[in-house]
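Below is the file entry.txt, which contains compact mmCIF, C-alpha atoms.
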```txt
# COMPACT_ATOMS: atom_id res chain seq x y z
CA MET X 188 20.86 5.72 4.28
CA ASP X 189 22.49 2.47 5.39
CA ILE X 190 23.69 4.27 8.53
CA ALA X 191 20.14 5.10 9.55
CA LEU X 192 19.03 1.59 8.65
CA HIS X 193 21.83 0.06 10.73
CA TYR X 194 20.89 1.97 13.87
CA PHE X 195 17.21 1.28 13.30
CA ASP X 196 17.87 -2.46 13.07
CA GLU X 197 20.20 -2.37 16.05
CA TYR X 198 17.82 -0.63 18.44
CA ALA X 199 14.35 -1.37 17.08
CA GLY X 200 14.21 -3.27 13.80
CA ASP X 201 15.49 -6.63 15.03
CA ALA X 202 13.02 -6.64 17.91
CA ILE X 203 10.16 -5.67 15.63
CA TYR X 204 10.89 -8.19 12.89
CA SER X 205 11.61 -10.98 15.38
CA ARG X 206 7.92 -10.98 16.17
CA LEU X 207 7.19 -12.22 12.68
CA HIS X 208 6.63 -15.97 12.41
CA ASN X 209 9.79 -18.07 12.11
CA PRO X 210 9.20 -21.61 10.75
CA LEU X 211 12.23 -22.87 12.74
CA ALA X 212 10.56 -21.86 15.99
CA GLY X 213 8.40 -24.98 15.85
CA LEU X 214 11.43 -27.20 16.35
CA GLY X 215 11.47 -26.10 19.98
CA LYS X 216 13.66 -23.93 22.06
CA GLU X 217 14.98 -26.65 24.34
CA SER X 218 16.61 -28.69 21.56
CA PHE X 219 18.50 -25.66 20.35
CA SER X 220 19.56 -24.73 23.85
CA SER X 221 20.92 -28.22 24.50
CA VAL X 222 22.98 -28.08 21.33
CA ALA X 223 24.24 -24.66 22.29
CA LEU X 224 25.69 -26.01 25.53
CA ASN X 225 28.22 -28.08 23.57
CA VAL X 226 29.45 -25.11 21.54
CA THR X 227 32.42 -23.27 22.97
CA ASN X 228 32.26 -20.17 20.79
CA SER X 229 30.13 -17.65 22.70
CA GLU X 230 28.86 -15.89 19.58
CA VAL X 231 27.71 -19.13 17.99
CA THR X 232 26.15 -20.19 21.29
CA GLN X 233 24.16 -16.98 21.49
CA TYR X 234 23.11 -17.28 17.85
CA VAL X 235 21.91 -20.88 18.19
CA ALA X 236 20.17 -20.27 21.49
CA ASN X 237 18.17 -17.41 20.02
CA LEU X 238 17.53 -18.93 16.59
CA PRO X 239 13.80 -19.50 17.21
CA GLU X 240 13.48 -15.79 17.95
CA LEU X 241 14.89 -14.76 14.56
CA SER X 242 12.56 -13.34 11.92
CA VAL X 243 11.88 -14.83 8.50
CA LEU X 244 13.12 -11.45 7.20
CA PRO X 245 16.86 -11.14 7.89
CA ARG X 246 18.61 -7.79 7.75
CA ASP X 247 19.75 -8.29 4.16
CA SER X 248 16.22 -9.10 2.93
CA VAL X 249 15.18 -6.68 0.17
CA LEU X 250 11.60 -6.71 1.43
CA ARG X 251 12.67 -5.90 4.97
CA GLN X 252 14.96 -3.13 3.78
CA CYS X 253 12.18 -1.61 1.69
CA ILE X 254 9.74 -1.67 4.60
CA SER X 255 12.31 -0.24 7.00
CA LEU X 256 13.53 2.48 4.65
CA TYR X 257 9.98 3.54 3.91
CA GLY X 258 9.14 3.69 7.59
CA ILE X 259 12.34 5.38 8.75
CA THR X 260 11.39 8.54 6.89
CA TYR X 261 8.40 9.01 9.14
CA VAL X 262 8.47 9.43 12.90
CA GLY X 263 6.03 10.61 15.53
CA LYS X 264 2.28 10.93 15.43
CA PHE X 265 0.53 13.36 13.15
CA SER X 266 -2.33 14.02 15.52
CA SER X 267 -0.11 14.72 18.52
CA LEU X 268 1.44 17.68 16.73
CA LEU X 269 -1.36 19.08 14.65
CA SER X 270 -3.93 18.91 17.42
CA SER X 271 -1.74 21.00 19.70
CA GLN X 272 -2.44 24.66 20.21
CA ARG X 273 1.12 25.60 19.24
CA LEU X 274 0.36 25.65 15.54
CA PRO X 275 -2.27 28.31 14.81
CA GLU X 276 -4.72 27.75 11.97
CA CYS X 277 -3.86 24.05 12.09
CA ARG X 278 -6.35 22.01 14.06
CA PRO X 279 -7.64 19.24 11.81
CA LYS X 280 -9.35 16.13 13.07
CA PRO X 281 -6.94 13.55 14.49
CA LEU X 282 -5.40 11.21 11.92
CA HIS X 283 -3.60 8.67 14.07
CA THR X 284 -2.27 6.61 11.19
CA LEU X 285 -0.18 9.34 9.60
CA GLY X 286 3.37 10.14 10.57
CA ILE X 287 5.45 13.27 9.99
CA LEU X 288 8.92 14.06 8.84
CA LEU X 289 10.84 15.12 11.91
CA LEU X 290 13.09 17.40 9.91
CA TYR X 291 10.18 19.15 8.20
CA PHE X 292 8.25 19.91 11.35
CA SER X 293 11.16 20.71 13.64
CA VAL X 294 12.88 23.13 11.27
CA ALA X 295 9.74 24.61 9.72
CA THR X 296 8.21 25.17 13.15
CA PHE X 297 11.38 26.88 14.37
CA SER X 298 11.49 29.07 11.26
CA TYR X 299 7.78 29.85 11.52
CA TYR X 300 8.02 31.09 15.11
CA PHE X 301 11.44 32.72 15.16
CA ILE X 302 12.18 33.90 11.59
CA PHE X 303 8.93 34.24 9.66
CA ASP X 304 7.35 37.71 9.91
CA HIS X 305 3.79 37.03 11.07
CA ARG X 306 2.65 40.37 9.73
CA MET X 307 2.78 38.70 6.31
CA LYS X 308 -0.46 36.94 7.24
CA LEU X 309 -2.20 40.29 6.72
CA HIS X 310 -1.18 40.34 3.05
CA PRO X 311 -4.14 40.22 0.61
CA ARG X 312 -2.66 37.13 -1.05
CA TRP X 313 -2.33 35.21 2.21
CA LEU X 314 -4.92 32.44 2.14
CA LYS X 315 -7.37 31.65 4.89
CA ASN X 316 -5.98 28.89 7.13
CA GLN X 317 -2.90 28.82 4.90
CA VAL X 318 -0.53 27.23 7.42
CA ARG X 319 -2.95 24.36 7.94
CA LYS X 320 -3.37 23.93 4.19
CA GLU X 321 0.40 23.92 3.61
CA ILE X 322 0.93 21.26 6.25
CA MET X 323 -1.94 19.11 5.03
CA PHE X 324 -0.74 19.40 1.43
CA SER X 325 2.77 18.40 2.49
CA LEU X 326 1.57 15.39 4.45
CA GLU X 327 -0.50 14.22 1.50
CA ALA X 328 2.62 14.39 -0.68
CA PHE X 329 5.05 12.66 1.69
CA PRO X 330 3.83 9.02 1.33
CA MET X 331 4.06 9.00 -2.48
CA LEU X 332 7.27 11.03 -2.44
CA ASP X 333 8.81 8.53 -0.05
CA LEU X 334 7.73 5.65 -2.27
CA LEU X 335 9.23 7.26 -5.38
CA THR X 336 12.60 7.85 -3.70
CA LEU X 337 12.71 4.38 -2.13
CA PRO X 338 14.62 2.71 -5.04
CA TRP X 339 17.43 5.26 -4.70
CA PHE X 340 17.80 4.62 -0.97
CA LEU X 341 17.59 0.87 -1.50
CA GLY X 342 20.41 1.10 -4.03
CA ASP X 343 22.50 3.01 -1.49
CA VAL X 344 21.96 0.36 1.16
CA ARG X 345 22.76 -2.51 -1.20
CA GLY X 346 26.02 -0.95 -2.34
CA TYR X 347 25.18 0.29 -5.84
CA SER X 348 26.07 3.92 -5.17
CA GLN X 349 29.57 5.38 -4.90
CA LEU X 350 29.26 6.38 -1.26
CA TYR X 351 32.30 5.44 0.81
CA ASP X 352 32.67 5.04 4.58
CA SER X 353 36.14 6.34 5.37
CA ILE X 354 38.85 8.54 3.92
CA ALA X 355 40.99 5.48 3.22
CA GLU X 356 38.24 3.94 1.08
CA GLY X 357 37.69 7.07 -1.01
CA PRO X 358 39.60 8.48 -3.97
CA PHE X 359 43.30 9.00 -3.22
CA GLY X 360 42.77 7.27 0.12
CA ALA X 361 45.66 4.88 -0.42
CA ALA X 362 48.02 7.77 -1.10
CA GLY X 363 47.15 9.47 2.17
CA GLY X 364 48.21 13.00 2.98
CA TRP X 365 46.22 15.97 1.78
CA LYS X 366 44.86 14.53 -1.46
CA PRO X 367 41.86 12.59 -0.06
CA TRP X 368 40.86 15.63 1.99
CA ALA X 369 41.19 17.86 -1.04
CA TYR X 370 38.95 15.50 -2.98
CA MET X 371 36.37 15.60 -0.20
CA ALA X 372 36.27 19.39 -0.40
CA PHE X 373 36.02 19.17 -4.19
CA SER X 374 33.17 16.65 -3.96
CA VAL X 375 31.17 19.06 -1.80
CA ALA X 376 31.68 21.94 -4.24
CA PHE X 377 30.88 19.74 -7.22
CA PHE X 378 27.79 18.33 -5.50
CA LEU X 379 26.42 21.83 -4.91
CA TRP X 380 27.25 22.96 -8.45
CA PHE X 381 25.84 19.83 -10.09
CA THR X 382 22.59 19.73 -8.13
CA ASP X 383 22.03 23.48 -8.43
CA TYR X 384 22.41 23.43 -12.21
CA CYS X 385 20.21 20.36 -12.66
CA ILE X 386 17.48 21.72 -10.42
CA TYR X 387 17.53 25.02 -12.28
CA TRP X 388 16.57 23.27 -15.50
CA ILE X 389 14.14 20.85 -13.86
CA HIS X 390 12.42 23.75 -12.13
CA ARG X 391 12.33 25.77 -15.31
CA TRP X 392 10.94 22.84 -17.31
CA LEU X 393 8.24 22.45 -14.67
CA HIS X 394 7.07 25.89 -15.75
CA ILE X 395 6.34 24.61 -19.26
CA PRO X 396 2.53 24.93 -19.52
CA PHE X 397 1.84 21.20 -19.88
CA LEU X 398 3.95 20.28 -16.83
CA TYR X 399 3.09 23.38 -14.85
CA ARG X 400 -0.65 22.78 -14.89
CA ARG X 401 -0.29 19.11 -13.93
CA LEU X 402 2.62 19.16 -11.48
CA HIS X 403 4.03 22.50 -10.39
CA LYS X 404 0.97 24.73 -10.11
CA PRO X 405 -0.04 23.45 -6.63
CA HIS X 406 3.21 24.78 -5.18
CA HIS X 407 2.52 28.24 -6.60
CA LYS X 408 -0.76 28.34 -4.76
CA TRP X 409 1.24 29.86 -1.93
CA ILE X 410 1.98 33.34 -3.32
CA ILE X 411 3.11 34.49 0.11
CA PRO X 412 4.65 31.27 1.45
CA SER X 413 5.40 30.32 5.02
CA PRO X 414 8.18 27.86 5.95
CA PHE X 415 5.59 25.07 5.90
CA ALA X 416 5.15 25.63 2.13
CA SER X 417 8.65 24.27 1.48
CA HIS X 418 7.33 20.74 0.92
CA ALA X 419 3.76 21.62 -0.06
CA PHE X 420 3.95 20.37 -3.63
CA HIS X 421 2.77 17.60 -5.92
CA PRO X 422 4.76 14.45 -4.99
CA VAL X 423 6.01 14.00 -8.56
CA ASP X 424 7.12 17.64 -8.58
CA GLY X 425 9.06 17.10 -5.37
CA TYR X 426 10.53 13.85 -6.64
CA LEU X 427 11.76 15.35 -9.92
CA GLN X 428 13.54 18.12 -8.05
CA SER X 429 15.14 15.58 -5.70
CA VAL X 430 16.52 13.35 -8.47
CA PRO X 431 19.80 15.30 -8.91
CA TYR X 432 20.67 14.70 -5.26
CA HIS X 433 20.13 10.97 -5.62
CA ILE X 434 21.94 10.73 -8.95
CA ALA X 435 24.98 12.59 -7.62
CA CYS X 436 26.13 9.79 -5.31
CA TYR X 437 25.79 7.28 -8.15
CA MET X 438 27.85 9.40 -10.54
CA PHE X 439 30.89 10.27 -8.43
CA PRO X 440 32.35 9.13 -5.08
CA ILE X 441 31.29 11.09 -2.03
CA HIS X 442 31.83 10.43 1.67
CA LYS X 443 28.80 8.82 3.27
CA TYR X 444 28.55 11.19 6.22
CA MET X 445 29.21 14.16 3.99
CA PHE X 446 26.31 13.09 1.77
CA ILE X 447 24.01 12.82 4.79
CA GLY X 448 25.01 16.32 5.84
CA LEU X 449 24.46 17.74 2.37
CA PHE X 450 21.12 15.96 1.96
CA SER X 451 19.97 17.38 5.30
CA PHE X 452 21.23 20.81 4.29
CA VAL X 453 19.09 20.65 1.15
CA ASN X 454 15.95 20.26 3.20
CA LEU X 455 17.00 22.98 5.62
CA TRP X 456 17.67 25.34 2.73
CA SER X 457 14.31 24.56 1.12
CA ILE X 458 12.56 25.57 4.34
CA PHE X 459 14.79 28.60 4.83
CA ILE X 460 14.03 30.14 1.43
CA HIS X 461 10.28 29.94 2.01
CA ASP X 462 10.09 32.40 4.91
CA SER X 463 9.07 35.32 2.61
CA ASP X 464 11.88 37.46 4.00
CA MET X 465 12.99 40.22 1.61
CA LEU X 466 16.42 41.30 2.78
CA CYS X 467 17.75 43.63 0.11
CA GLY X 468 21.03 45.37 -0.51
CA HIS X 469 23.31 42.60 0.76
CA PRO X 470 26.42 41.98 -1.39
CA LEU X 471 25.71 38.23 -1.51
CA GLU X 472 22.31 38.70 -3.17
CA HIS X 473 24.07 38.71 -6.55
CA TYR X 474 25.54 35.26 -5.86
CA ILE X 475 23.31 33.41 -3.37
CA ASN X 476 19.71 32.53 -4.19
CA GLY X 477 18.20 33.30 -0.79
CA PRO X 478 14.71 33.85 0.62
CA ALA X 479 14.31 37.19 -1.15
CA HIS X 480 14.99 35.61 -4.55
CA HIS X 481 12.58 32.75 -3.96
CA THR X 482 9.92 35.12 -2.66
CA LEU X 483 10.15 36.94 -5.98
CA HIS X 484 9.76 33.60 -7.76
CA HIS X 485 6.51 32.91 -5.90
CA ILE X 486 5.21 36.39 -6.69
CA TYR X 487 6.32 36.78 -10.32
CA PHE X 488 6.64 33.10 -11.38
CA THR X 489 9.18 33.74 -14.16
CA CYS X 490 12.41 34.45 -12.32
CA ASN X 491 14.96 32.92 -9.94
CA TYR X 492 14.55 29.19 -10.63
CA GLY X 493 17.85 28.25 -8.98
CA GLN X 494 18.31 26.46 -5.67
CA TYR X 495 21.47 27.84 -4.04
CA PHE X 496 23.16 30.21 -6.44
CA THR X 497 22.16 32.86 -8.95
CA TRP X 498 24.64 32.06 -11.73
CA ALA X 499 22.33 29.66 -13.59
CA ASP X 500 19.55 32.26 -13.61
CA LYS X 501 21.99 34.85 -14.90
CA VAL X 502 23.11 32.54 -17.69
CA GLY X 503 19.51 31.59 -18.48
CA GLY X 504 18.27 35.19 -18.44
CA SER X 505 15.84 34.61 -15.57
CA PHE X 506 17.67 36.39 -12.76
CA ARG X 507 15.85 39.15 -10.90
CA VAL X 508 17.71 40.99 -8.18
CA PRO X 509 15.61 41.72 -5.07
CA ALA X 510 14.61 45.35 -4.69
CA LYS X 511 12.91 47.15 -1.83
CA GLY X 512 9.95 47.97 -4.04
CA ASP X 513 9.28 44.24 -4.47
CA ASP X 514 8.87 43.54 -0.77
CA PRO X 515 5.36 42.11 -0.16
CA LEU X 516 5.60 43.45 3.38
CA ASP X 517 5.09 46.95 1.95
CA ALA X 518 1.50 46.05 1.06
CA VAL X 519 0.97 44.75 4.58
CA LEU X 520 2.36 47.89 6.17
CA ALA X 521 0.14 50.00 3.92
CA VAL X 522 -2.93 48.12 5.12
CA ILE X 523 -1.84 48.55 8.73
CA GLU X 524 -1.29 52.27 8.26
CA GLN X 525 -4.69 52.66 6.61
CA LYS X 526 -6.37 50.94 9.53
CA LYS X 527 -4.49 53.08 12.03
CA ALA X 528 -5.42 56.26 10.19
CA GLY X 529 -9.02 55.15 9.88
CA LEU X 530 -8.95 55.50 6.13
CA GLY X 531 -11.66 53.02 5.40
CA SER X 532 -13.61 55.18 3.02
CA ARG X 533 -14.81 54.11 -0.39
CA SER X 534 -12.31 56.39 -2.10
CA SER X 535 -9.44 54.66 -0.35
CA SER X 536 -10.77 51.28 -1.43
CA GLU X 537 -11.10 52.42 -5.03
CA GLU X 538 -7.57 53.81 -5.02
CA SER X 539 -6.28 50.51 -3.67
CA LEU X 540 -8.21 48.68 -6.38
CA ARG X 541 -6.70 50.86 -9.12
CA THR X 542 -3.23 50.24 -7.73
CA THR X 543 -3.81 46.50 -7.66
CA ARG X 544 -5.14 46.51 -11.22
CA GLN X 545 -2.04 48.29 -12.41
CA ARG X 546 0.05 45.71 -10.57
CA VAL X 547 -1.81 42.94 -12.40
CA LEU X 548 -1.15 44.59 -15.75
CA ASP X 549 2.55 44.79 -14.89
CA LEU X 550 2.60 41.12 -13.94
CA LEU X 551 0.81 40.10 -17.12
CA ALA X 552 3.27 42.14 -19.18
CA GLU X 553 6.17 40.33 -17.55
CA GLU X 554 4.46 37.01 -18.06
CA THR X 555 4.05 37.66 -21.77
CA THR X 556 7.78 38.13 -22.19
CA SER X 557 8.63 34.98 -20.24
CA GLU X 558 10.21 32.14 -22.19
CA SER X 559 8.16 29.45 -20.49
CA GLY X 560 4.85 31.24 -20.73
CA SER X 561 3.56 28.83 -18.14
CA GLU X 562 2.37 31.05 -15.36
CA GLU X 563 -1.35 31.37 -15.02
CA VAL X 564 -1.94 34.52 -13.01
CA ASP X 565 -5.29 34.42 -11.30
CA VAL X 566 -6.50 37.89 -12.21
CA ALA X 567 -9.69 37.56 -10.26
CA THR X 568 -7.75 36.74 -7.13
CA MET X 569 -5.22 39.48 -7.67
CA LEU X 570 -7.99 42.05 -8.07
CA SER X 571 -9.41 41.10 -4.70
CA VAL X 572 -8.72 43.80 -2.15
CA LYS X 573 -9.54 43.68 1.52
CA LYS X 574 -11.93 46.43 2.40
CA SER X 575 -10.59 48.76 5.02
CA GLN X 576 -12.52 48.82 8.21
```

Could you write out this structure as C-alpha cells?
Amino acid sequence: MDIALHYFDEYAGDAIYSRLHNPLAGLGKESFSSVALNVTNSEVTQYVANLPELSVLPRDSVLRQCISLYGITYVGKFSSLLSSQRLPECRPKPLHTLGILLLYFSVATFSYYFIFDHRMKLHPRWLKNQVRKEIMFSLEAFPMLDLLTLPWFLGDVRGYSQLYDSIAEGPFGAAGGWKPWAYMAFSVAFFLWFTDYCIYWIHRWLHIPFLYRRLHKPHHKWIIPSPFASHAFHPVDGYLQSVPYHIACYMFPIHKYMFIGLFSFVNLWSIFIHDSDMLCGHPLEHYINGPAHHTLHHIYFTCNYGQYFTWADKVGGSFRVPAKGDDPLDAVLAVIEQKKAGLGSRSSSEESLRTTRQRVLDLLAEETTSESGSEEVDVATMLSVKKSQ
C-alpha cells in the first residue's frame, strides 16, 4: 500500500495537504527567500524557499497516512455512475458525498455486461431491483470495511509487515541466482494455500447460527447473485474474510508488487465467482472452486465454502461437484418455454408449485444433515412461483 500512497502524495497529496495551515508561514515568505539565496545546494534552496507552503502534516505523519489510506480506496463520484442509464435497475437519488471502489465497479460492470447471463433475471429467486440493491448494500459496507482494514495498511506503510521491494532485499537475495526467484514462486503458492485454507474455516464458522444470523445472512440474500453481489455483505463479514490476506504479509516475506497483484486477484476472483455461471463437466471442477461451485453455495448454503480450490471442502466433507441438474438456468428456461407455449393455465401453475415444494423438502433435508445447521431457508419465499401469463 505504500506504493499507492507514494504516488498519491507525489501527484496529489502534497498539494492537498499544503493547503492546511502551517504556523511557519506567518514568518513571511521574503525572509526565507533571502536566506535561500545564500545557500548553494539547490535542493536545500528549494526546500527553504517553499517552507511556508509545507503542511503541518508531513508525509510520515500517522494522521496524514491514515487519512490518505482511507481516501485512496475510494475514487470517483457515486452519483455520476449510478445515475447513468448504463446500469439497469440502479437509479437511486444522487449521493454526491459517496465514492466507489474503482476495481469493484469496473470489473463487476464488465462481468455483468459481458459474462453474466441476463436470462437469470427471470429466475423466481431473482429479487426485484436486485442489481441496485446489491450495489447499494456494497456501498454501505465499504466505509466501515475500509476503516476496519486501515490498521493493516498503516502497518504496511510504516514497515511492520514483511513486504520487500526488490529481489535483492528478499529471502536468498544476497545469494543471487535462482534461489530468490524460486522463493518468490513458493511465496505465491503458499499465499494461495494459506489464504484459501483460512477462508474456508472463516466462511464455515460464519455459517454457525449465532454468527450467520448477525453477519453472514445478508450475503445469502442473493440466492441468484450477479457480479455486483461479490461485495454485498456485512462489513464485519467482509473484514473477517479479508484478514488472512492481511496476516499473510506479516507472517512470511513476500514481494511488494507480487502482493499487490495477488490482492487485486482476490477481488477479481470474488467478482468472477458471483456470475451464477454453471459450467459443468470440466476436468478442473474437481480442483478449482469456480463460479459453478459458488453458485451452488448460494443455492444450497451448506457446500463449497472454499475460495480458490476444492481440497479444503473435500477434507471438510462439504464439497459438492456441480451437476447439470443443479443449474438455476434450467428453471429460467422452463419458464421461457412455458410462456412460449402459452401454458399459463392453472394446472401448469399447480404443477410448478408441487415441483417447487418438493425442491424445498429436498433443501430442508440437506440442511438437516449439515454440520453447521445455520442456514435458514425461507420456505415462504421458495414456495413463491411466478404465475404464467

Atom CA of His305 of chain X and atom CA of Leu289 of chain X are how many Å apart?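 According to the coordinates, atom CA of His305 of chain X and atom CA of Leu289 of chain X are separated by 23.0 Å.
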
In Å, rounded to a single decimal, give me how far atom CA of Met445 of chain X is from atom CA of Ile354 of chain X.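 Going from atom CA of Ile354 of chain X over to atom CA of Met445 of chain X, I get 11.2 Å.
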
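Atom CA of Leu427 of chain X is positioned 7.2 Å from atom CA of Ile389 of chain X.
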
Looking at X:Arg400, X:Arg319, X:Lys527, X:Lys308, which one is nearest to Ser463 of chain X, with distances taken over all atoms listed in the file? X:Lys308

Shell of 9 Å around segment 511-524 of chain X, only C-alpha atoms, local chain residues under 6 positions omitted, as a PyMOL selection string: chain X and resi 304+306-311+411+463-468+479+482-483+486+530+573+575

Write out as a PyMOL selection string which residues come within 9 Å of Asp424 of chain X when counting only C-alpha atoms, dropping same-chain ones fewer than 6 positions away. chain X and resi 390+393+402-403+406

Please determine, counting all atoms listed in the file, which residue among X:Val243, X:Ala435, X:Ala362, X:Ile395 has the shortest atom-to-atom distance to Ala376 of chain X.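 Using all atoms listed in the file, Ala376 of chain X sits closest to X:Ala435.
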
Name the residues, using the chain letters and numbers of the file, that sit within 12 Å of (13.2, 1.3, 11.1) when counting all atoms listed in the file, and give them as a ChimeraX atom specification. /X:188-204,246,251-262

List as a PyMOL selection string the protein and nucleic acid residues near Pro412 of chain X, meaning an atom at most 9 Å away when only C-alpha atoms are counted, but skip any in the same chain fewer than 5 places from it. chain X and resi 313+317-318+321+407+417+461-463+482+485

Would you pick out the contacts of Trp388 of chain X at 9 Å or less, using only C-alpha atoms, so that residues sharing its chain but fewer than 4 positions from it are not included, and give the list as a ChimeraX atom specification? /X:383-384,392-393,492-493,499

Nearest to Lys501 of chain X, chosen from X:Tyr387, X:Phe324, X:Ala416, X:Tyr351, with all atoms listed in the file counted in the distances: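 Among X:Tyr387, X:Phe324, X:Ala416, X:Tyr351, it is X:Tyr387 that comes nearest to Lys501 of chain X.
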
Could you rebuild segment 511-532 of chain X with N, CA and C atoms and give me the result as an mmCIF file, keeping the file's coordinate frame?
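Okay, selection_31.cif is ready:
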```cif
data_model
loop_
_atom_site.group_PDB
_atom_site.id
_atom_site.type_symbol
_atom_site.label_atom_id
_atom_site.label_comp_id
_atom_site.auth_asym_id
_atom_site.auth_seq_id
_atom_site.Cartn_x
_atom_site.Cartn_y
_atom_site.Cartn_z
ATOM 1 N N LYS X 511 13.804 46.779 -2.930
ATOM 2 C CA LYS X 511 12.910 47.150 -1.830
ATOM 3 C C LYS X 511 11.479 47.335 -2.303
ATOM 4 N N GLY X 512 11.302 47.786 -3.529
ATOM 5 C CA GLY X 512 9.950 47.970 -4.040
ATOM 6 C C GLY X 512 9.203 46.676 -4.271
ATOM 7 N N ASP X 513 9.916 45.542 -4.263
ATOM 8 C CA ASP X 513 9.280 44.240 -4.470
ATOM 9 C C ASP X 513 8.817 43.587 -3.176
ATOM 10 N N ASP X 514 9.156 44.170 -2.056
ATOM 11 C CA ASP X 514 8.870 43.540 -0.770
ATOM 12 C C ASP X 514 7.367 43.456 -0.534
ATOM 13 N N PRO X 515 6.806 42.237 -0.411
ATOM 14 C CA PRO X 515 5.360 42.110 -0.160
ATOM 15 C C PRO X 515 4.956 42.678 1.197
ATOM 16 N N LEU X 516 5.926 42.870 2.088
ATOM 17 C CA LEU X 516 5.600 43.450 3.380
ATOM 18 C C LEU X 516 5.131 44.890 3.254
ATOM 19 N N ASP X 517 5.525 45.570 2.163
ATOM 20 C CA ASP X 517 5.090 46.950 1.950
ATOM 21 C C ASP X 517 3.569 47.031 1.869
ATOM 22 N N ALA X 518 2.964 46.061 1.170
ATOM 23 C CA ALA X 518 1.500 46.050 1.060
ATOM 24 C C ALA X 518 0.856 45.826 2.420
ATOM 25 N N VAL X 519 1.492 45.006 3.237
ATOM 26 C CA VAL X 519 0.970 44.750 4.580
ATOM 27 C C VAL X 519 1.045 46.009 5.432
ATOM 28 N N LEU X 520 2.192 46.678 5.382
ATOM 29 C CA LEU X 520 2.360 47.890 6.170
ATOM 30 C C LEU X 520 1.392 48.979 5.726
ATOM 31 N N ALA X 521 1.100 49.018 4.417
ATOM 32 C CA ALA X 521 0.140 50.000 3.920
ATOM 33 C C ALA X 521 -1.247 49.734 4.490
ATOM 34 N N VAL X 522 -1.634 48.476 4.547
ATOM 35 C CA VAL X 522 -2.930 48.120 5.120
ATOM 36 C C VAL X 522 -2.983 48.494 6.597
ATOM 37 N N ILE X 523 -1.887 48.221 7.309
ATOM 38 C CA ILE X 523 -1.840 48.550 8.730
ATOM 39 C C ILE X 523 -1.954 50.051 8.948
ATOM 40 N N GLU X 524 -1.242 50.818 8.134
ATOM 41 C CA GLU X 524 -1.290 52.270 8.260
ATOM 42 C C GLU X 524 -2.678 52.804 7.951
ATOM 43 N N GLN X 525 -3.336 52.221 6.948
ATOM 44 C CA GLN X 525 -4.690 52.660 6.610
ATOM 45 C C GLN X 525 -5.642 52.415 7.774
ATOM 46 N N LYS X 526 -5.490 51.256 8.405
ATOM 47 C CA LYS X 526 -6.370 50.940 9.530
ATOM 48 C C LYS X 526 -6.097 51.878 10.708
ATOM 49 N N LYS X 527 -4.819 52.179 10.934
ATOM 50 C CA LYS X 527 -4.490 53.080 12.030
ATOM 51 C C LYS X 527 -5.037 54.479 11.780
ATOM 52 N N ALA X 528 -4.958 54.915 10.535
ATOM 53 C CA ALA X 528 -5.420 56.260 10.190
ATOM 54 C C ALA X 528 -6.922 56.327 10.025
ATOM 55 N N GLY X 529 -7.577 55.175 10.044
ATOM 56 C CA GLY X 529 -9.020 55.150 9.880
ATOM 57 C C GLY X 529 -9.472 55.479 8.483
ATOM 58 N N LEU X 530 -8.617 55.190 7.511
ATOM 59 C CA LEU X 530 -8.950 55.500 6.130
ATOM 60 C C LEU X 530 -9.683 54.315 5.511
ATOM 61 N N GLY X 531 -10.879 54.131 5.924
ATOM 62 C CA GLY X 531 -11.660 53.020 5.400
ATOM 63 C C GLY X 531 -12.735 53.478 4.443
ATOM 64 N N SER X 532 -12.583 54.628 3.904
ATOM 65 C CA SER X 532 -13.610 55.180 3.020
ATOM 66 C C SER X 532 -13.620 54.472 1.680
#
```
